[in-house]
$ cat structure_11.tsv   # TSV, N, CA and C atoms and all ligand atoms
chain	number	residue	atom	x	y	z
A	148	MET	N	0.85	-1.21	0.00
A	148	MET	CA	0.00	0.00	0.00
A	148	MET	C	0.88	1.25	0.00
A	149	ILE	N	0.58	2.17	-0.92
A	149	ILE	CA	1.34	3.42	-0.96
A	149	ILE	C	0.37	4.59	-0.94
A	150	TYR	N	0.83	5.69	-0.40
A	150	TYR	CA	-0.02	6.88	-0.21
A	150	TYR	C	0.56	8.03	-0.99
A	151	ILE	N	-0.30	8.81	-1.61
A	151	ILE	CA	0.19	10.01	-2.30
A	151	ILE	C	-0.79	11.15	-2.02
A	152	THR	N	-0.23	12.35	-1.91
A	152	THR	CA	-1.02	13.50	-1.49
A	152	THR	C	-0.91	14.63	-2.48
A	153	ARG	N	-2.05	15.21	-2.78
A	153	ARG	CA	-2.10	16.42	-3.60
A	153	ARG	C	-2.56	17.58	-2.70
A	154	ARG	N	-1.82	18.69	-2.77
A	154	ARG	CA	-2.21	19.88	-2.00
A	154	ARG	C	-2.84	20.89	-2.94
A	155	GLU	N	-3.93	21.50	-2.47
A	155	GLU	CA	-4.55	22.61	-3.19
A	155	GLU	C	-4.83	23.72	-2.18
A	156	SER	N	-4.94	24.95	-2.66
A	156	SER	CA	-5.20	26.09	-1.78
A	156	SER	C	-6.45	26.81	-2.25
A	157	PHE	N	-7.14	27.42	-1.31
A	157	PHE	CA	-8.25	28.30	-1.68
A	157	PHE	C	-8.46	29.33	-0.58
A	158	ASN	N	-9.08	30.42	-0.98
A	158	ASN	CA	-9.42	31.49	-0.03
A	158	ASN	C	-10.93	31.56	0.04
A	159	ALA	N	-11.44	31.65	1.26
A	159	ALA	CA	-12.89	31.72	1.40
A	159	ALA	C	-13.26	32.50	2.66
A	160	ALA	N	-14.45	33.08	2.61
A	160	ALA	CA	-15.01	33.78	3.76
A	160	ALA	C	-15.98	32.87	4.50
A	161	HIS	N	-16.15	33.14	5.75
A	161	HIS	CA	-17.18	32.43	6.52
A	161	HIS	C	-17.44	33.17	7.82
A	162	LYS	N	-18.42	32.70	8.53
A	162	LYS	CA	-18.52	33.02	9.95
A	162	LYS	C	-19.06	31.79	10.65
A	163	LEU	N	-18.71	31.68	11.92
A	163	LEU	CA	-19.22	30.59	12.73
A	163	LEU	C	-20.23	31.19	13.69
A	164	ALA	N	-21.48	30.87	13.48
A	164	ALA	CA	-22.53	31.41	14.36
A	164	ALA	C	-23.78	30.56	14.19
A	165	ARG	N	-24.42	30.28	15.28
A	165	ARG	CA	-25.72	29.61	15.22
A	165	ARG	C	-26.80	30.68	15.26
A	166	GLU	N	-27.78	30.54	14.37
A	166	GLU	CA	-28.83	31.56	14.31
A	166	GLU	C	-29.71	31.54	15.55
A	167	ASP	N	-29.74	30.40	16.21
A	167	ASP	CA	-30.58	30.30	17.41
A	167	ASP	C	-29.83	30.74	18.67
A	168	TRP	N	-28.62	31.25	18.52
A	168	TRP	CA	-27.88	31.81	19.65
A	168	TRP	C	-27.73	33.32	19.49
A	169	SER	N	-27.58	34.01	20.61
A	169	SER	CA	-27.32	35.45	20.58
A	169	SER	C	-25.89	35.71	20.10
A	170	LEU	N	-25.63	36.96	19.73
A	170	LEU	CA	-24.26	37.33	19.34
A	170	LEU	C	-23.29	37.08	20.49
A	171	ASP	N	-23.73	37.39	21.71
A	171	ASP	CA	-22.86	37.16	22.88
A	171	ASP	C	-22.49	35.68	23.02
A	172	LYS	N	-23.50	34.84	22.86
A	172	LYS	CA	-23.26	33.39	23.00
A	172	LYS	C	-22.36	32.89	21.87
A	173	ASN	N	-22.64	33.35	20.64
A	173	ASN	CA	-21.81	32.94	19.51
A	173	ASN	C	-20.37	33.41	19.71
A	174	THR	N	-20.20	34.64	20.20
A	174	THR	CA	-18.85	35.18	20.41
A	174	THR	C	-18.14	34.41	21.51
A	175	GLU	N	-18.91	34.01	22.52
A	175	GLU	CA	-18.32	33.23	23.62
A	175	GLU	C	-17.80	31.89	23.09
A	176	VAL	N	-18.56	31.26	22.20
A	176	VAL	CA	-18.19	29.92	21.73
A	176	VAL	C	-17.18	29.99	20.58
A	177	TYR	N	-17.41	30.90	19.63
A	177	TYR	CA	-16.62	30.89	18.39
A	177	TYR	C	-15.59	32.01	18.30
A	178	GLY	N	-15.57	32.92	19.26
A	178	GLY	CA	-14.56	33.98	19.27
A	178	GLY	C	-14.65	34.86	18.04
A	179	LYS	N	-13.48	35.20	17.50
A	179	LYS	CA	-13.43	36.09	16.34
A	179	LYS	C	-14.17	35.52	15.13
A	180	CYS	N	-14.27	34.20	15.06
A	180	CYS	CA	-14.94	33.57	13.91
A	180	CYS	C	-16.44	33.82	13.91
A	181	ALA	N	-16.98	34.41	14.99
A	181	ALA	CA	-18.41	34.74	15.03
A	181	ALA	C	-18.69	36.15	14.49
A	182	ASN	N	-17.67	36.87	14.11
A	182	ASN	CA	-17.86	38.23	13.59
A	182	ASN	C	-19.00	38.29	12.58
A	183	PRO	N	-20.06	39.07	12.85
A	183	PRO	CA	-21.23	39.06	11.97
A	183	PRO	C	-20.92	39.47	10.53
A	184	ASN	N	-19.91	40.30	10.33
A	184	ASN	CA	-19.59	40.77	8.98
A	184	ASN	C	-18.51	39.94	8.28
A	185	TRP	N	-18.40	38.69	8.66
A	185	TRP	CA	-17.55	37.73	7.97
A	185	TRP	C	-16.06	37.98	8.18
A	186	HIS	N	-15.27	36.99	7.83
A	186	HIS	CA	-13.81	37.10	7.77
A	186	HIS	C	-13.35	35.97	6.87
A	187	GLY	N	-12.08	36.00	6.50
A	187	GLY	CA	-11.61	34.99	5.55
A	187	GLY	C	-10.44	34.18	6.08
A	188	HIS	N	-10.20	33.06	5.40
A	188	HIS	CA	-9.04	32.23	5.68
A	188	HIS	C	-8.39	31.82	4.37
A	189	ASN	N	-7.09	31.58	4.43
A	189	ASN	CA	-6.37	30.97	3.32
A	189	ASN	C	-6.25	29.48	3.65
A	190	TYR	N	-7.13	28.70	3.07
A	190	TYR	CA	-7.18	27.27	3.40
A	190	TYR	C	-6.18	26.49	2.56
A	191	GLN	N	-5.64	25.45	3.19
A	191	GLN	CA	-4.79	24.49	2.48
A	191	GLN	C	-5.46	23.12	2.60
A	192	LEU	N	-5.70	22.51	1.46
A	192	LEU	CA	-6.37	21.21	1.44
A	192	LEU	C	-5.39	20.13	0.98
A	193	TYR	N	-5.24	19.08	1.78
A	193	TYR	CA	-4.37	17.95	1.42
A	193	TYR	C	-5.26	16.73	1.22
A	194	VAL	N	-5.24	16.21	0.02
A	194	VAL	CA	-6.04	15.02	-0.30
A	194	VAL	C	-5.07	13.85	-0.48
A	195	THR	N	-5.18	12.86	0.39
A	195	THR	CA	-4.30	11.69	0.32
A	195	THR	C	-5.07	10.48	-0.17
A	196	VAL	N	-4.53	9.84	-1.19
A	196	VAL	CA	-5.14	8.60	-1.70
A	196	VAL	C	-4.15	7.46	-1.51
A	197	LYS	N	-4.70	6.25	-1.49
A	197	LYS	CA	-3.86	5.07	-1.25
A	197	LYS	C	-4.21	3.96	-2.22
A	198	GLY	N	-3.27	3.07	-2.39
A	198	GLY	CA	-3.49	1.93	-3.29
A	198	GLY	C	-2.17	1.28	-3.63
A	199	GLU	N	-2.17	0.59	-4.75
A	199	GLU	CA	-0.96	-0.10	-5.20
A	199	GLU	C	-0.41	0.59	-6.45
A	200	VAL	N	0.89	0.54	-6.61
A	200	VAL	CA	1.55	1.13	-7.77
A	200	VAL	C	1.20	0.32	-9.02
A	201	ASN	N	0.77	1.02	-10.06
A	201	ASN	CA	0.54	0.36	-11.35
A	201	ASN	C	1.91	0.00	-11.96
A	202	PRO	N	2.19	-1.29	-12.17
A	202	PRO	CA	3.53	-1.67	-12.64
A	202	PRO	C	3.85	-1.11	-14.02
A	203	GLU	N	2.83	-0.81	-14.81
A	203	GLU	CA	3.05	-0.29	-16.16
A	203	GLU	C	3.50	1.17	-16.13
A	204	THR	N	2.79	1.99	-15.29
A	204	THR	CA	3.07	3.43	-15.26
A	204	THR	C	4.03	3.81	-14.14
A	205	GLY	N	4.12	3.01	-13.11
A	205	GLY	CA	4.90	3.39	-11.94
A	205	GLY	C	4.15	4.36	-11.04
A	206	PHE	N	2.91	4.67	-11.40
A	206	PHE	CA	2.09	5.61	-10.62
A	206	PHE	C	1.07	4.86	-9.77
A	207	LEU	N	0.66	5.51	-8.68
A	207	LEU	CA	-0.56	5.08	-7.98
A	207	LEU	C	-1.75	5.68	-8.71
A	208	VAL	N	-1.74	7.00	-8.84
A	208	VAL	CA	-2.72	7.70	-9.69
A	208	VAL	C	-1.97	8.76	-10.47
A	209	ASP	N	-2.56	9.20	-11.54
A	209	ASP	CA	-2.03	10.32	-12.31
A	209	ASP	C	-2.38	11.59	-11.54
A	210	LEU	N	-1.38	12.31	-11.05
A	210	LEU	CA	-1.65	13.49	-10.22
A	210	LEU	C	-2.32	14.61	-10.99
A	211	LYS	N	-2.14	14.64	-12.30
A	211	LYS	CA	-2.87	15.63	-13.12
A	211	LYS	C	-4.37	15.35	-13.04
A	212	TRP	N	-4.71	14.07	-13.07
A	212	TRP	CA	-6.12	13.65	-12.95
A	212	TRP	C	-6.66	14.02	-11.58
A	213	LEU	N	-5.87	13.76	-10.53
A	213	LEU	CA	-6.33	14.04	-9.16
A	213	LEU	C	-6.50	15.55	-8.96
A	214	LYS	N	-5.54	16.31	-9.47
A	214	LYS	CA	-5.61	17.77	-9.38
A	214	LYS	C	-6.91	18.29	-10.03
A	215	GLN	N	-7.16	17.80	-11.22
A	215	GLN	CA	-8.36	18.22	-11.97
A	215	GLN	C	-9.64	17.84	-11.22
A	216	LEU	N	-9.65	16.64	-10.68
A	216	LEU	CA	-10.82	16.15	-9.94
A	216	LEU	C	-11.11	17.05	-8.73
A	217	ILE	N	-10.06	17.39	-7.99
A	217	ILE	CA	-10.23	18.22	-6.79
A	217	ILE	C	-10.65	19.63	-7.20
A	218	ASN	N	-10.05	20.15	-8.25
A	218	ASN	CA	-10.37	21.52	-8.66
A	218	ASN	C	-11.81	21.65	-9.15
A	219	VAL	N	-12.22	20.75	-10.00
A	219	VAL	CA	-13.57	20.86	-10.57
A	219	VAL	C	-14.65	20.64	-9.51
A	220	ASN	N	-14.42	19.69	-8.63
A	220	ASN	CA	-15.48	19.29	-7.70
A	220	ASN	C	-15.45	20.00	-6.35
A	221	VAL	N	-14.31	20.61	-6.01
A	221	VAL	CA	-14.22	21.28	-4.70
A	221	VAL	C	-13.72	22.72	-4.85
A	222	ILE	N	-12.51	22.89	-5.35
A	222	ILE	CA	-11.87	24.21	-5.30
A	222	ILE	C	-12.69	25.26	-6.07
A	223	ASP	N	-13.15	24.92	-7.25
A	223	ASP	CA	-13.93	25.90	-8.03
A	223	ASP	C	-15.21	26.32	-7.30
A	224	LYS	N	-15.70	25.47	-6.41
A	224	LYS	CA	-16.94	25.78	-5.68
A	224	LYS	C	-16.71	26.61	-4.42
A	225	VAL	N	-15.48	26.61	-3.91
A	225	VAL	CA	-15.24	27.31	-2.64
A	225	VAL	C	-14.28	28.50	-2.76
A	226	ASP	N	-13.44	28.51	-3.78
A	226	ASP	CA	-12.40	29.55	-3.87
A	226	ASP	C	-13.02	30.92	-4.12
A	227	HIS	N	-12.66	31.89	-3.27
A	227	HIS	CA	-13.19	33.25	-3.33
A	227	HIS	C	-14.71	33.29	-3.13
A	228	LYS	N	-15.21	32.34	-2.37
A	228	LYS	CA	-16.63	32.27	-2.07
A	228	LYS	C	-16.87	32.46	-0.58
A	229	ASN	N	-18.14	32.67	-0.26
A	229	ASN	CA	-18.57	32.70	1.14
A	229	ASN	C	-19.12	31.31	1.47
A	230	LEU	N	-18.46	30.62	2.37
A	230	LEU	CA	-18.84	29.23	2.66
A	230	LEU	C	-20.27	29.12	3.19
A	231	ASN	N	-20.72	30.14	3.90
A	231	ASN	CA	-22.06	30.10	4.48
A	231	ASN	C	-23.16	30.31	3.44
A	232	ILE	N	-22.84	31.08	2.40
A	232	ILE	CA	-23.88	31.54	1.47
A	232	ILE	C	-23.76	30.90	0.09
A	233	ASP	N	-22.54	30.83	-0.44
A	233	ASP	CA	-22.34	30.52	-1.86
A	233	ASP	C	-22.18	29.03	-2.17
A	234	VAL	N	-21.89	28.23	-1.17
A	234	VAL	CA	-21.42	26.86	-1.44
A	234	VAL	C	-22.55	25.86	-1.22
A	235	ASP	N	-22.98	25.22	-2.31
A	235	ASP	CA	-24.16	24.35	-2.23
A	235	ASP	C	-23.99	23.24	-1.18
A	236	PHE	N	-22.80	22.64	-1.14
A	236	PHE	CA	-22.65	21.49	-0.24
A	236	PHE	C	-22.43	21.88	1.22
A	237	MET	N	-22.42	23.18	1.52
A	237	MET	CA	-22.33	23.61	2.92
A	237	MET	C	-23.64	24.21	3.42
A	238	GLN	N	-24.66	24.20	2.57
A	238	GLN	CA	-25.95	24.76	2.98
A	238	GLN	C	-26.50	24.01	4.19
A	239	GLY	N	-26.93	24.78	5.19
A	239	GLY	CA	-27.53	24.17	6.38
A	239	GLY	C	-26.52	23.60	7.36
A	240	LYS	N	-25.22	23.82	7.07
A	240	LYS	CA	-24.18	23.31	7.98
A	240	LYS	C	-23.42	24.48	8.57
A	241	LEU	N	-22.93	24.32	9.76
A	241	LEU	CA	-22.04	25.30	10.34
A	241	LEU	C	-20.71	25.23	9.58
A	242	ALA	N	-20.21	26.40	9.15
A	242	ALA	CA	-19.06	26.41	8.25
A	242	ALA	C	-17.73	26.27	9.01
A	243	SER	N	-17.63	25.21	9.79
A	243	SER	CA	-16.40	24.93	10.53
A	243	SER	C	-15.44	24.15	9.64
A	244	THR	N	-14.18	24.15	10.01
A	244	THR	CA	-13.19	23.37	9.26
A	244	THR	C	-13.54	21.88	9.31
A	245	GLU	N	-14.06	21.45	10.46
A	245	GLU	CA	-14.46	20.04	10.61
A	245	GLU	C	-15.54	19.67	9.59
A	246	ASN	N	-16.61	20.49	9.56
A	246	ASN	CA	-17.71	20.18	8.65
A	246	ASN	C	-17.30	20.30	7.19
A	247	LEU	N	-16.42	21.25	6.90
A	247	LEU	CA	-15.95	21.42	5.52
A	247	LEU	C	-15.12	20.21	5.09
A	248	ALA	N	-14.26	19.73	5.97
A	248	ALA	CA	-13.43	18.56	5.64
A	248	ALA	C	-14.32	17.33	5.39
A	249	ILE	N	-15.34	17.15	6.20
A	249	ILE	CA	-16.25	16.00	6.03
A	249	ILE	C	-17.01	16.11	4.70
A	250	ALA	N	-17.46	17.34	4.39
A	250	ALA	CA	-18.19	17.55	3.14
A	250	ALA	C	-17.29	17.27	1.93
A	251	ILE	N	-16.04	17.68	2.01
A	251	ILE	CA	-15.09	17.43	0.91
A	251	ILE	C	-14.84	15.92	0.77
A	252	TRP	N	-14.70	15.25	1.89
A	252	TRP	CA	-14.55	13.78	1.88
A	252	TRP	C	-15.74	13.15	1.14
A	253	ASP	N	-16.95	13.58	1.52
A	253	ASP	CA	-18.16	12.96	0.93
A	253	ASP	C	-18.23	13.17	-0.58
A	254	ILE	N	-17.70	14.30	-1.05
A	254	ILE	CA	-17.69	14.58	-2.49
A	254	ILE	C	-16.64	13.71	-3.20
A	255	LEU	N	-15.43	13.69	-2.64
A	255	LEU	CA	-14.31	13.07	-3.35
A	255	LEU	C	-14.27	11.55	-3.23
A	256	LYS	N	-14.76	11.02	-2.13
A	256	LYS	CA	-14.67	9.56	-1.88
A	256	LYS	C	-15.20	8.73	-3.07
A	257	PRO	N	-16.44	8.96	-3.52
A	257	PRO	CA	-16.94	8.13	-4.63
A	257	PRO	C	-16.23	8.41	-5.95
A	258	LEU	N	-15.76	9.63	-6.15
A	258	LEU	CA	-15.10	9.98	-7.41
A	258	LEU	C	-13.74	9.30	-7.51
A	259	ILE	N	-13.01	9.29	-6.40
A	259	ILE	CA	-11.69	8.66	-6.38
A	259	ILE	C	-11.84	7.14	-6.47
A	260	ALA	N	-12.95	6.62	-5.95
A	260	ALA	CA	-13.18	5.17	-5.99
A	260	ALA	C	-13.33	4.65	-7.43
A	261	GLU	N	-13.59	5.56	-8.37
A	261	GLU	CA	-13.68	5.15	-9.78
A	261	GLU	C	-12.30	4.87	-10.38
A	262	SER	N	-11.24	5.31	-9.67
A	262	SER	CA	-9.88	5.04	-10.15
A	262	SER	C	-9.37	3.76	-9.48
A	263	ASP	N	-8.08	3.50	-9.66
A	263	ASP	CA	-7.48	2.33	-8.99
A	263	ASP	C	-7.14	2.64	-7.54
A	264	ALA	N	-7.29	3.92	-7.13
A	264	ALA	CA	-6.92	4.33	-5.78
A	264	ALA	C	-8.17	4.50	-4.91
A	265	GLU	N	-7.91	4.73	-3.63
A	265	GLU	CA	-8.99	4.91	-2.65
A	265	GLU	C	-8.64	6.15	-1.83
A	266	LEU	N	-9.65	6.94	-1.49
A	266	LEU	CA	-9.39	8.12	-0.65
A	266	LEU	C	-8.96	7.65	0.74
A	267	HIS	N	-7.84	8.20	1.23
A	267	HIS	CA	-7.36	7.84	2.57
A	267	HIS	C	-7.70	8.92	3.59
A	268	SER	N	-7.39	10.18	3.27
A	268	SER	CA	-7.66	11.24	4.24
A	268	SER	C	-7.81	12.59	3.57
A	269	ILE	N	-8.55	13.42	4.27
A	269	ILE	CA	-8.67	14.84	3.94
A	269	ILE	C	-8.05	15.60	5.09
A	270	LYS	N	-7.06	16.41	4.78
A	270	LYS	CA	-6.46	17.27	5.80
A	270	LYS	C	-6.73	18.70	5.36
A	271	LEU	N	-7.30	19.48	6.25
A	271	LEU	CA	-7.68	20.84	5.89
A	271	LEU	C	-7.14	21.82	6.92
A	272	TYR	N	-6.23	22.68	6.44
A	272	TYR	CA	-5.64	23.72	7.29
A	272	TYR	C	-6.47	24.99	7.16
A	273	GLU	N	-6.96	25.49	8.28
A	273	GLU	CA	-7.65	26.79	8.27
A	273	GLU	C	-6.64	27.90	8.51
A	274	THR	N	-5.67	27.62	9.38
A	274	THR	CA	-4.55	28.53	9.60
A	274	THR	C	-3.30	27.65	9.63
A	275	GLU	N	-2.16	28.31	9.72
A	275	GLU	CA	-0.89	27.58	9.78
A	275	GLU	C	-0.89	26.60	10.96
A	276	ASN	N	-1.56	26.98	12.03
A	276	ASN	CA	-1.48	26.20	13.26
A	276	ASN	C	-2.68	25.30	13.52
A	277	ASN	N	-3.77	25.51	12.80
A	277	ASN	CA	-4.98	24.73	13.05
A	277	ASN	C	-5.39	23.96	11.81
A	278	PHE	N	-5.47	22.65	11.95
A	278	PHE	CA	-5.98	21.85	10.84
A	278	PHE	C	-6.76	20.66	11.38
A	279	VAL	N	-7.64	20.14	10.54
A	279	VAL	CA	-8.36	18.92	10.89
A	279	VAL	C	-7.97	17.84	9.89
A	280	GLU	N	-8.08	16.61	10.32
A	280	GLU	CA	-7.81	15.47	9.46
A	280	GLU	C	-9.00	14.53	9.58
A	281	TYR	N	-9.51	14.08	8.45
A	281	TYR	CA	-10.68	13.20	8.43
A	281	TYR	C	-10.37	11.95	7.64
A	282	LEU	N	-10.62	10.80	8.25
A	282	LEU	CA	-10.35	9.53	7.58
A	282	LEU	C	-11.63	8.73	7.35
A	283	GLY	N	-12.75	9.43	7.36
A	283	GLY	CA	-14.02	8.77	7.08
A	283	GLY	C	-14.67	8.20	8.32
B	301	NI	NI	-12.81	31.56	10.84
$ encode --input "structure_11.tsv" --output "structure tokens"
Amino acid sequence: MIYITRRESFNAAHKLAREDWSLDKNTEVYGKCANPNWHGHNYQLYVTVKGEVNPETGFLVDLKWLKQLINVNVIDKVDHKNLNIDVDFMQGKLASTENLAIAIWDILKPLIAESDAELHSIKLYETENNFVEYLG
């Protein structure tokens, strides 16, 4: 079993706030991320797939294919967008890094399964110091 990772970047706005909570309560729980007038992050997305090396090509997957798959199905939908408002697959969800990573997993898992590889993990950095990792 071998693992290979493709990194992509995107910039997006969001806020973390529950509509059924007051601003005070949201600020208490989510801090600066509850700012009613939004804020942005420079996200880094790491998509790791696993499988066996194809003896003919020497590849696990063609990284050009993986790049294209991630860009068309995820990056184009979130880059320079508002995660709370603009992104169809985040509708009705709190726009946390955790929920975003799970949503990206749910999108990419079946698409990658069409190749010889399998999705292993989604790692999503919201800041240099904070990231989540999801393995399904
Ligand atoms: Ni934030």
$ residues_near_ligand --input "structure_11.tsv" --ligand "ligand NI 301 (chain B)" --cutoff "6.5 Å" --atoms "only N, CA and C atoms and all ligand atoms" --output "ChimeraX atom specification"
/A:161-163,179-180,186-188
$ atom_distance --input "structure_11.tsv" --atom1 "CA of Ile249 in chain A" --atom2 "atom N of Arg165 in chain A"
18.9 Å
$ select_by_dssp --input "structure_11.tsv" --residues "range 205-263 of chain A" --states "alpha helix (DSSP H)" --output "PyMOL selection string"
chain A and resi 210-217+223-225+244-259
$ write_last_selection --input "structure_11.tsv" --atoms "N, CA and C atoms" --output "CSV table (one decimal), in the frame of the given file"
chain,number,residue,atom,x,y,z
A,210,LEU,N,-1.4,12.3,-11.0
A,210,LEU,CA,-1.6,13.5,-10.2
A,210,LEU,C,-2.3,14.6,-11.0
A,211,LYS,N,-2.1,14.6,-12.3
A,211,LYS,CA,-2.9,15.6,-13.1
A,211,LYS,C,-4.4,15.4,-13.0
A,212,TRP,N,-4.7,14.1,-13.1
A,212,TRP,CA,-6.1,13.6,-13.0
A,212,TRP,C,-6.7,14.0,-11.6
A,213,LEU,N,-5.9,13.8,-10.5
A,213,LEU,CA,-6.3,14.0,-9.2
A,213,LEU,C,-6.5,15.6,-9.0
A,214,LYS,N,-5.5,16.3,-9.5
A,214,LYS,CA,-5.6,17.8,-9.4
A,214,LYS,C,-6.9,18.3,-10.0
A,215,GLN,N,-7.2,17.8,-11.2
A,215,GLN,CA,-8.4,18.2,-12.0
A,215,GLN,C,-9.6,17.8,-11.2
A,216,LEU,N,-9.6,16.6,-10.7
A,216,LEU,CA,-10.8,16.2,-9.9
A,216,LEU,C,-11.1,17.0,-8.7
A,217,ILE,N,-10.1,17.4,-8.0
A,217,ILE,CA,-10.2,18.2,-6.8
A,217,ILE,C,-10.6,19.6,-7.2
A,223,ASP,N,-13.2,24.9,-7.2
A,223,ASP,CA,-13.9,25.9,-8.0
A,223,ASP,C,-15.2,26.3,-7.3
A,224,LYS,N,-15.7,25.5,-6.4
A,224,LYS,CA,-16.9,25.8,-5.7
A,224,LYS,C,-16.7,26.6,-4.4
A,225,VAL,N,-15.5,26.6,-3.9
A,225,VAL,CA,-15.2,27.3,-2.6
A,225,VAL,C,-14.3,28.5,-2.8
A,244,THR,N,-14.2,24.2,10.0
A,244,THR,CA,-13.2,23.4,9.3
A,244,THR,C,-13.5,21.9,9.3
A,245,GLU,N,-14.1,21.4,10.5
A,245,GLU,CA,-14.5,20.0,10.6
A,245,GLU,C,-15.5,19.7,9.6
A,246,ASN,N,-16.6,20.5,9.6
A,246,ASN,CA,-17.7,20.2,8.6
A,246,ASN,C,-17.3,20.3,7.2
A,247,LEU,N,-16.4,21.2,6.9
A,247,LEU,CA,-16.0,21.4,5.5
A,247,LEU,C,-15.1,20.2,5.1
A,248,ALA,N,-14.3,19.7,6.0
A,248,ALA,CA,-13.4,18.6,5.6
A,248,ALA,C,-14.3,17.3,5.4
A,249,ILE,N,-15.3,17.2,6.2
A,249,ILE,CA,-16.2,16.0,6.0
A,249,ILE,C,-17.0,16.1,4.7
A,250,ALA,N,-17.5,17.3,4.4
A,250,ALA,CA,-18.2,17.6,3.1
A,250,ALA,C,-17.3,17.3,1.9
A,251,ILE,N,-16.0,17.7,2.0
A,251,ILE,CA,-15.1,17.4,0.9
A,251,ILE,C,-14.8,15.9,0.8
A,252,TRP,N,-14.7,15.2,1.9
A,252,TRP,CA,-14.6,13.8,1.9
A,252,TRP,C,-15.7,13.2,1.1
A,253,ASP,N,-17.0,13.6,1.5
A,253,ASP,CA,-18.2,13.0,0.9
A,253,ASP,C,-18.2,13.2,-0.6
A,254,ILE,N,-17.7,14.3,-1.0
A,254,ILE,CA,-17.7,14.6,-2.5
A,254,ILE,C,-16.6,13.7,-3.2
A,255,LEU,N,-15.4,13.7,-2.6
A,255,LEU,CA,-14.3,13.1,-3.4
A,255,LEU,C,-14.3,11.6,-3.2
A,256,LYS,N,-14.8,11.0,-2.1
A,256,LYS,CA,-14.7,9.6,-1.9
A,256,LYS,C,-15.2,8.7,-3.1
A,257,PRO,N,-16.4,9.0,-3.5
A,257,PRO,CA,-16.9,8.1,-4.6
A,257,PRO,C,-16.2,8.4,-6.0
A,258,LEU,N,-15.8,9.6,-6.2
A,258,LEU,CA,-15.1,10.0,-7.4
A,258,LEU,C,-13.7,9.3,-7.5
A,259,ILE,N,-13.0,9.3,-6.4
A,259,ILE,CA,-11.7,8.7,-6.4
A,259,ILE,C,-11.8,7.1,-6.5
$ atom_distance --input "structure_11.tsv" --atom1 "CA of Glu175 in chain A" --atom2 "CA of Leu241 in chain A"
15.9 Å
$ atom_distance --input "structure_11.tsv" --atom1 "CA of Gly205 in chain A" --atom2 "CA of Asn218 in chain A"
23.9 Å
$ residues_around --input "structure_11.tsv" --residues "Thr244 in chain A" --least-positions-apart "5" --cutoff "7 Å" --atoms "all atoms listed in the file" --output "count of residues only"
4
$ residues_around --input "structure_11.tsv" --residues "Asn231 in chain A" --least-positions-apart "3" --cutoff "6.5 Å" --atoms "only N, CA and C atoms" --output "list in words"
Ala160, His161, Lys162, Lys228, Val234, Met237, Gln238 and Ala242 of chain A
$ build_atoms --input "structure_11.tsv" --residues "range 208-218 of chain A" --atoms "N, CA, C and O atoms" --output "JSON list (two decimals), in the coordinates of the input"
[["chain", "number", "residue", "atom", "x", "y", "z"],
["A", 208, "VAL", "N", -1.74, 7.00, -8.84],
["A", 208, "VAL", "CA", -2.72, 7.70, -9.69],
["A", 208, "VAL", "C", -1.97, 8.76, -10.47],
["A", 208, "VAL", "O", -0.89, 9.19, -10.06],
["A", 209, "ASP", "N", -2.56, 9.20, -11.54],
["A", 209, "ASP", "CA", -2.03, 10.32, -12.31],
["A", 209, "ASP", "C", -2.38, 11.59, -11.54],
["A", 209, "ASP", "O", -3.56, 11.91, -11.37],
["A", 210, "LEU", "N", -1.38, 12.31, -11.05],
["A", 210, "LEU", "CA", -1.65, 13.49, -10.22],
["A", 210, "LEU", "C", -2.32, 14.61, -10.99],
["A", 210, "LEU", "O", -3.02, 15.44, -10.41],
["A", 211, "LYS", "N", -2.14, 14.64, -12.30],
["A", 211, "LYS", "CA", -2.87, 15.63, -13.12],
["A", 211, "LYS", "C", -4.37, 15.35, -13.04],
["A", 211, "LYS", "O", -5.19, 16.25, -12.94],
["A", 212, "TRP", "N", -4.71, 14.07, -13.07],
["A", 212, "TRP", "CA", -6.12, 13.65, -12.95],
["A", 212, "TRP", "C", -6.66, 14.02, -11.58],
["A", 212, "TRP", "O", -7.76, 14.57, -11.45],
["A", 213, "LEU", "N", -5.87, 13.76, -10.53],
["A", 213, "LEU", "CA", -6.33, 14.04, -9.16],
["A", 213, "LEU", "C", -6.50, 15.55, -8.96],
["A", 213, "LEU", "O", -7.49, 16.00, -8.39],
["A", 214, "LYS", "N", -5.54, 16.31, -9.47],
["A", 214, "LYS", "CA", -5.61, 17.77, -9.38],
["A", 214, "LYS", "C", -6.91, 18.29, -10.03],
["A", 214, "LYS", "O", -7.64, 19.10, -9.45],
["A", 215, "GLN", "N", -7.16, 17.80, -11.22],
["A", 215, "GLN", "CA", -8.36, 18.22, -11.97],
["A", 215, "GLN", "C", -9.64, 17.84, -11.22],
["A", 215, "GLN", "O", -10.57, 18.63, -11.11],
["A", 216, "LEU", "N", -9.65, 16.64, -10.68],
["A", 216, "LEU", "CA", -10.82, 16.15, -9.94],
["A", 216, "LEU", "C", -11.11, 17.05, -8.73],
["A", 216, "LEU", "O", -12.27, 17.42, -8.47],
["A", 217, "ILE", "N", -10.06, 17.39, -7.99],
["A", 217, "ILE", "CA", -10.23, 18.22, -6.79],
["A", 217, "ILE", "C", -10.65, 19.63, -7.20],
["A", 217, "ILE", "O", -11.54, 20.24, -6.57],
["A", 218, "ASN", "N", -10.05, 20.15, -8.25],
["A", 218, "ASN", "CA", -10.37, 21.52, -8.66],
["A", 218, "ASN", "C", -11.81, 21.65, -9.15],
["A", 218, "ASN", "O", -12.51, 22.58, -8.75]]
